[in-house]
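Peer 1: This is the structure I want to talk about, given as structure tokens.
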Amino acid sequence: MTPTVQAVDWLAIGPVLVMTAALLAVLLVQAVAPRAGRLLDVLGLAGIAGAGAFMVALVGGPVRQTFCATAGLCSYEVSRITIGLQAAVLLAAVVCVFVALGDLDPRQRVEHHALLLSAVIGALVLAGARDLLTILIGLEVASLPVVGLVALRRDRVTSEAAVKLLLVSVVSFGLSLLGTALLYTATGSVHLAGLSGSPGLGSSAGLLGAAFLVGGIGYKVAALPFALWTPDVYAGSPLPVVVFLTTVSKAAGLAALAAIVVLGMPALTNGWLTVVVAVTMTVGNLVALTQQEAVRLIAWSTIAHGGWLLLPLTVSGAGPQLIGAATTYLLAYVAATLVVLTVVILLARHHEAGARHLLSDYAGLVRTEPVAGVLLLLGLLSLAGLPPGVAGLIAKIAALGPVVGQGVWWLAAVAAVNIAIGLVYYARWAKAVIAAPTPATPTWRVTFPEGAGLSFAAAALVAFSVLPGLMV
Amino acid sequence: MNDATITSQGALAATLFFPLAGALLVGLLRGRPAAAAPVGTATGLLGFVASLSLLAVAPPWAQGQDTASIDVGWIGLFGSRLHLGWDGITAPLVILTSLLGMLVCAYVWFTDDTGAADPSGADPTPAGRGHAPPPGLLVCLLLTQAGAVGTFLARDLFVFFVGFEAVLIPMWVIVSRWGSDLRTRDRVTSAHGAATRFVLYTMLGSAVMLLGLILLAARAGTTDLVELAAVGPSLDRTTQVIAAVLLTVGLGVKVPVWPVHSWLPGAHTTAPTVGSVLLAGVLLKLGSYGLVRLVAGLVPDGLAAIAVPLGILGAVGVIWGALVCLVESDLKRLVAFSSVAHMGFVVVGVASGTPEGIQGALFVGIAHGVITSLMFWVVGMLKHRLHTADLATLAPGLRDRAPRLGWLLALSFIAGVGLPGLAGFWGEVLAIMGAWRGTDFLGGTGVWIAAVCAIGTALAAAYLFRVLYLIWHGPAEDPGTAGDPATNTAPGTGAAADGDGGPTRVSLAKGATAVQAARADARQAAAVPDVSGVELAVTAPLVVATFALGVLPWLLLSVSGPAVRLIGGLG
């Protein structure tokens with residue numbers, strides 16, 4: 001098909017364009033002035049800030065569509081949910097840049113920033129992508145640079161993690177591509193809007209295509225049974241990259257899956273997805289229960305949260321509302337995870353056990369480092385969904401809303417039980433934080449980027465908790 | 001908007017704002033622990049004054065509808081707003097909560113009973129026992145108060161839920177961090193274990209309740225309690241029944257309804273004194289209030305459908321709690337189980353679906369809040385002095401050894417019996433009356449439930465007088481010759497025959513002289529300092545309330561009456 005491209009809505013793709021400009025600027029400055037140093041950090045952050053400024057301009061505006069083939073069949077759309085998803089991505093990106101600066105080899109600055117910015121661009125595109133090809137390209141742009149980020153340190157552990165991640169990405173891409181081809185064969189359309197109305201969707205080719213596509217993207221959001229790579233990769237990656245994997249990558253995967261499942265093939269995948277969600281959150285939580293290492297606990301708990309993210313997508317209903325519910329959950333999850341992981345990074349840098357530290361190494365943190373300790377508690381309680389982490393509580397209400405509204409009681413019951421299971425391990429961690437300090441409990445001097453990253457994440461989480469309307 | 005509205009809104013906001021601000025302030029002052037208790041008590045006092053002033057500027061007995069309210073945009077999900085209101089059901093609970101909030105802060109300020117390590121145990125709690133109470137304890141106390149006040153004031157489903165959940169973590173910290181493990185002959189209840197069990201039980205219940213709240217919001221299209229009170233009763237029956245079941249399960253854990261009460265004894269017993277007081281006086285009321293406001297108020301048809309099993313569970317709770325109290329050997333656990341029995345009356349009252357029953361449920365709630373708080377306080381003082389609450393070790397003759405403490409104990413337990421003239425009487429009578437008359441909801445079962453509850457009051461008399469007999473009554477020289485199993489293990493009494501009495505007790509039985517000497521020693525060790533002025537001042541408001549509510553029940557009934565008549569179209 002040869003779409004006749006009409007006028008491009010530059011404002012709609014503004015955030016993506018600004019980020020791309022920043023990426024080019026980083027590469028160019030490095031080429032011209034190899035010793036640019038801090039200027040590269042500033043450029044990267046400026047790009048994120050510029051994208052944020054565009055989004056502020058877009059908030060509250062009408063739904064914008066661009067790159068349209070014919071009326072109604074558009075490749076890119078900016079609506080409330082696009083803005084919500086992009087906000088989560090940008091929030092995470094800022095914190096990721098800040099926390100990475102702490103132990104970044106200065107010679108790798110340009111590589112790091114370029115890889116990170118391009119992955120963020122991919123995630124931003126996915127938030128608005130409304131045809132299968134754009135989604136596939138967005139997914140690759142969002143995931144391949146992450147392999148580079150993981151491997152950047154060039155030691156054995158990270159290389160192994162990077163190879164695992166690469167294999168997963170390639171397999172997932174292959175599956176998705178196959179699925180897209182089958183779907184195109186069955187329906188003759190790659191636009192989600194064209195796909196959703198097509199009778200060919202119910203044919204065997206269409207169903208097979210849907211299965212491959214959803215399965216392929218299932219890897220990205222770490223939905224079981226495709227999630228088993230995450231704990232190993234998380235444990236092998238530098239912690240700042242773990243932050244990226246748990247937030248930006250998760251947001252990218254959710255954006256892609258939500259668009260395809262809810263807008264492209266409404267109600268087609270509800271049956272499978274219901275089972276996947278129930279299994280994902282339950283297994284993720286149960287395994288997290290047994291973890292003693294902070295990073296592995298986070299890894300398994302993010303798998304469980306992946307289940308929560310997909311929970312609203314398992315029922316049929318008005319697409320924007322369902323994706324909106326998932327986006328609300330995403331915003332709270334991202335803000336809370338950023339806070340928790342930033343504190344984890346701080347502790348790992350100051351604790352002799354390093355990145356392999358256990359939950360017991362947090363003993364008394366609330367007294368040796370009151371600010372970080374209290375923020376960690378707030379983050380953990382938000383993830384558990386308990387006040388004072390109101391953000392997490394509202395997110396759980398949002399995610400459960402469509403399921404209860406449609407009366408899928410068994411899934412609602414599974415989710416309710418999972419709230420309690422999740423609380424067990426978050427409470428265990430929180431208990432350590434408020435316990436009496438041990439001699440090994442570190443105190444620290446926070447560097448400027450670390451402090452900025454923590455403040456940024458904490459500000460978002462507090463804002464979401466005080467004014468939950470921001471997430472809805 | 002006129003001046004009166006602004007005044008009432010200001011007072012309403014202040015009731016919630018002061019404890020929150022206090023918690024924040026104490027948290028920020030953590031470098032100066034000496035300032036924590038005064039700041040906490042002052043903000044608690046301000047919150048209490050604000051709640052009292054609301055009585056004056058927005059008298060809740062004037063009408064059933066809210067006489068003061070605040071309504072601003074907040075969460076946004078399902079159109080949820082920050083809607084707070086003040087009516088005759090809310091008012092007594094908010095005042096009770098604010099009063100207890102202020103008193104517990106004052107108590108930890110002026111006494112050193114801040115939940116120390118158990119000195120008999122090998123558990124060296126790292127809390128430095130200076131005079132200044134730990135700021136963290138005050139933060140948690142104030143947060144608990146704020147969460148409870150927010151729940152009672154909430155006029156929005158999700159605001160209610162936020163408040164309901166907000167008390168969990170502070171209370172978990174209070175019990176887990178400042179609680180003391182309970183060692184009895186046959187088991188050890190660790191404070192942390194009990195606290196975690198409390199949180200998990202409640203959280204599981206809350207999660208189920210949340211499903212019910214979302215169902216209501218989705219079906220009725222609003223989360224506003226005032227609108228829902230009109231819309232809810234006209235929802236289809238299936239929705240009402242499902243919602244009622246989900247809400248009752250969730251709230252039932254908190255109340256607690258038998259058989260999901262098993263978190264309660266551990267948490268109440270291991271909590272520090274102030275923690276037990278807030279647990280009994282405030283937290284359980286969140287459940288009973290929710291039953292009235294949400295279940296009876298919003299889904300009356302659903303309540304009618306589950307009334308019979310609910311009423312039976314309530315009656316079982318009354319009997320169960322009483323029977324356990326008849327044999328329980330730890331005084332604090334005994335008070336905890338008596339809570340289970342008392343809250344059984346609340347459940348029966350609500351299940352009856354009659355105005356009398358609902359009034360009774362609310363009355364029992366307030367009376368239990370006053371009396372059981374007083375009991376926990378007195379028992380806490382005893383435990384703080386003697387480092388045990390074991391009935392056998394406490395030994396009789398308290399009225400001679402510490403007369404004022406003895407009289408406080410006697411008063412609280414006699415009030416707990418439900419003696420006419422004291423606060424405990426009216427609520428239980430009304431609840432039983434409600435069950436007797438509640439044929440709409442309970443059918444023929446109501447009479448039987450009423451009868452069982454009446455038997456429960458008799459059992460209450462038995463177990464509470466047992467306590468008085470064992471530790472209040474009697475000459476200090478003659479520790480226990482009663483035929484009660486618990487006294488068999490009292491020092492020197494029947495120890496030879498008692499196989500599991502432990503090595504020290506067996507060795508005591510060598511001869512009469514040794515027994516006499518041991519008794520003298522025990523008495524020496526058990527010299528009990530009497531109630532101090534501060535302790536008396538802290539408990540005095542509760543004593544006054546016990547008498548006032550007993551002699552002048554209409555004080556409470558006329559406040560809640562108009563609002564109760566609006567519930568679920570009962571009037």
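Within each chain, counting starts at residue 1; across the structure tokens, chains are named A, B, ... in the order shown, with ligands numbered 1 upward in that order.
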Give me the residues of chain B that have any atom at most 10 Å from an atom of chain A; for each, the nearest atom pair and the distance in Å, rounded to one decimal. Use only C-alpha atoms, sort by chain and number, and format it as JSON lines.
Peer 2:
{"residue": "B:Gly27", "atom": "CA", "partner": "A:Pro370", "partner_atom": "CA", "distance": 9.9}
{"residue": "B:Arg30", "atom": "CA", "partner": "A:Pro370", "partner_atom": "CA", "distance": 9.4}
{"residue": "B:Gly73", "atom": "CA", "partner": "A:Gly469", "partner_atom": "CA", "distance": 8.4}
{"residue": "B:Trp74", "atom": "CA", "partner": "A:Gly469", "partner_atom": "CA", "distance": 6.0}
{"residue": "B:Ile75", "atom": "CA", "partner": "A:Gly469", "partner_atom": "CA", "distance": 4.7}
{"residue": "B:Gly76", "atom": "CA", "partner": "A:Gly469", "partner_atom": "CA", "distance": 5.2}
{"residue": "B:Leu77", "atom": "CA", "partner": "A:Val472", "partner_atom": "CA", "distance": 6.5}
{"residue": "B:Phe78", "atom": "CA", "partner": "A:Gly401", "partner_atom": "CA", "distance": 8.8}
{"residue": "B:Gly79", "atom": "CA", "partner": "A:Gly469", "partner_atom": "CA", "distance": 9.9}
{"residue": "B:Ser80", "atom": "CA", "partner": "A:Gly469", "partner_atom": "CA", "distance": 9.4}
{"residue": "B:Arg81", "atom": "CA", "partner": "A:Gly469", "partner_atom": "CA", "distance": 9.6}
{"residue": "B:Thr125", "atom": "CA", "partner": "A:Ala436", "partner_atom": "CA", "distance": 9.0}
{"residue": "B:Pro126", "atom": "CA", "partner": "A:Ala436", "partner_atom": "CA", "distance": 6.9}
{"residue": "B:Ala127", "atom": "CA", "partner": "A:Ala436", "partner_atom": "CA", "distance": 8.6}
{"residue": "B:Gly136", "atom": "CA", "partner": "A:Ile434", "partner_atom": "CA", "distance": 9.8}
{"residue": "B:Leu143", "atom": "CA", "partner": "A:Pro388", "partner_atom": "CA", "distance": 9.6}
{"residue": "B:Gly147", "atom": "CA", "partner": "A:Pro387", "partner_atom": "CA", "distance": 9.3}
{"residue": "B:Phe158", "atom": "CA", "partner": "A:Ile394", "partner_atom": "CA", "distance": 8.4}
{"residue": "B:Phe161", "atom": "CA", "partner": "A:Leu393", "partner_atom": "CA", "distance": 9.3}
{"residue": "B:Val162", "atom": "CA", "partner": "A:Pro387", "partner_atom": "CA", "distance": 6.5}
{"residue": "B:Gly163", "atom": "CA", "partner": "A:Pro387", "partner_atom": "CA", "distance": 8.0}
{"residue": "B:Phe164", "atom": "CA", "partner": "A:Pro387", "partner_atom": "CA", "distance": 9.1}
{"residue": "B:Glu165", "atom": "CA", "partner": "A:Pro387", "partner_atom": "CA", "distance": 6.1}
{"residue": "B:Ala166", "atom": "CA", "partner": "A:Pro387", "partner_atom": "CA", "distance": 4.7}
{"residue": "B:Val167", "atom": "CA", "partner": "A:Pro387", "partner_atom": "CA", "distance": 8.1}
{"residue": "B:Leu168", "atom": "CA", "partner": "A:Leu386", "partner_atom": "CA", "distance": 8.1}
{"residue": "B:Ile169", "atom": "CA", "partner": "A:Pro387", "partner_atom": "CA", "distance": 7.6}
{"residue": "B:Pro170", "atom": "CA", "partner": "A:Pro388", "partner_atom": "CA", "distance": 9.6}
{"residue": "B:Trp172", "atom": "CA", "partner": "A:Ala427", "partner_atom": "CA", "distance": 9.5}
{"residue": "B:Val173", "atom": "CA", "partner": "A:Lys431", "partner_atom": "CA", "distance": 8.3}
{"residue": "B:Ser176", "atom": "CA", "partner": "A:Lys431", "partner_atom": "CA", "distance": 8.5}
{"residue": "B:Arg177", "atom": "CA", "partner": "A:Ala435", "partner_atom": "CA", "distance": 7.5}
{"residue": "B:His192", "atom": "CA", "partner": "A:Lys431", "partner_atom": "CA", "distance": 9.1}
{"residue": "B:Thr196", "atom": "CA", "partner": "A:Ala427", "partner_atom": "CA", "distance": 8.1}
{"residue": "B:Arg197", "atom": "CA", "partner": "A:Val424", "partner_atom": "CA", "distance": 9.7}
{"residue": "B:Val199", "atom": "CA", "partner": "A:Leu423", "partner_atom": "CA", "distance": 8.7}
{"residue": "B:Leu200", "atom": "CA", "partner": "A:Ala420", "partner_atom": "CA", "distance": 6.2}
{"residue": "B:Tyr201", "atom": "CA", "partner": "A:Ala420", "partner_atom": "CA", "distance": 8.3}
{"residue": "B:Thr202", "atom": "CA", "partner": "A:Ala420", "partner_atom": "CA", "distance": 9.0}
{"residue": "B:Met203", "atom": "CA", "partner": "A:Ala420", "partner_atom": "CA", "distance": 5.8}
{"residue": "B:Leu204", "atom": "CA", "partner": "A:Ala420", "partner_atom": "CA", "distance": 5.3}
{"residue": "B:Gly205", "atom": "CA", "partner": "A:Ala416", "partner_atom": "CA", "distance": 8.9}
{"residue": "B:Ser206", "atom": "CA", "partner": "A:Ala416", "partner_atom": "CA", "distance": 8.6}
{"residue": "B:Ala207", "atom": "CA", "partner": "A:Ala416", "partner_atom": "CA", "distance": 5.0}
{"residue": "B:Val208", "atom": "CA", "partner": "A:Ala416", "partner_atom": "CA", "distance": 6.1}
{"residue": "B:Met209", "atom": "CA", "partner": "A:Ala416", "partner_atom": "CA", "distance": 9.3}
{"residue": "B:Leu210", "atom": "CA", "partner": "A:Ile397", "partner_atom": "CA", "distance": 7.6}
{"residue": "B:Leu211", "atom": "CA", "partner": "A:Val404", "partner_atom": "CA", "distance": 6.6}
{"residue": "B:Gly212", "atom": "CA", "partner": "A:Val404", "partner_atom": "CA", "distance": 8.5}
{"residue": "B:Leu213", "atom": "CA", "partner": "A:Ile397", "partner_atom": "CA", "distance": 9.4}
{"residue": "B:Ile214", "atom": "CA", "partner": "A:Gly401", "partner_atom": "CA", "distance": 6.0}
{"residue": "B:Leu215", "atom": "CA", "partner": "A:Val404", "partner_atom": "CA", "distance": 5.9}
{"residue": "B:Leu216", "atom": "CA", "partner": "A:Gly405", "partner_atom": "CA", "distance": 9.0}
{"residue": "B:Ala217", "atom": "CA", "partner": "A:Gly405", "partner_atom": "CA", "distance": 8.7}
{"residue": "B:Ala218", "atom": "CA", "partner": "A:Gly405", "partner_atom": "CA", "distance": 5.5}
{"residue": "B:Arg219", "atom": "CA", "partner": "A:Gly405", "partner_atom": "CA", "distance": 7.3}
Peer 1: Could you find all residues in range 204-421 of chain B that DSSP calls helix (DSSP H, G or I) from the backbone, and write them as a PyMOL selection string?
Peer 2: chain B and resi 204-220+225-234+237-254+264-270+273-298+300-327+331-352+355-386+391-394+398-401+403-417
Peer 1: At what distance in Å, to one decimal, does CA of Ser316 in chain A lie from CA of Ala267 in chain A?
Peer 2: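 These two atoms are separated by 5.2 Å.
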Peer 1: Write out as a PyMOL selection string which residues come within 7 Å of Gly406 in chain B when counting only C-alpha atoms, dropping same-chain ones fewer than 5 positions away.
Peer 2: chain B and resi 398-399+472
Peer 1: Determine which residues of range 63-194 of chain A DSSP labels as strand (DSSP E or B) from the backbone of this structure, then write them out as a list in words.
Peer 2: Arg64, Gln65, Thr66, Phe67, Cys68, Ala69, Thr70, Leu73, Cys74, Ser75, Tyr76, Glu77, Val78, Ala129, Asp131 and His191 of chain A
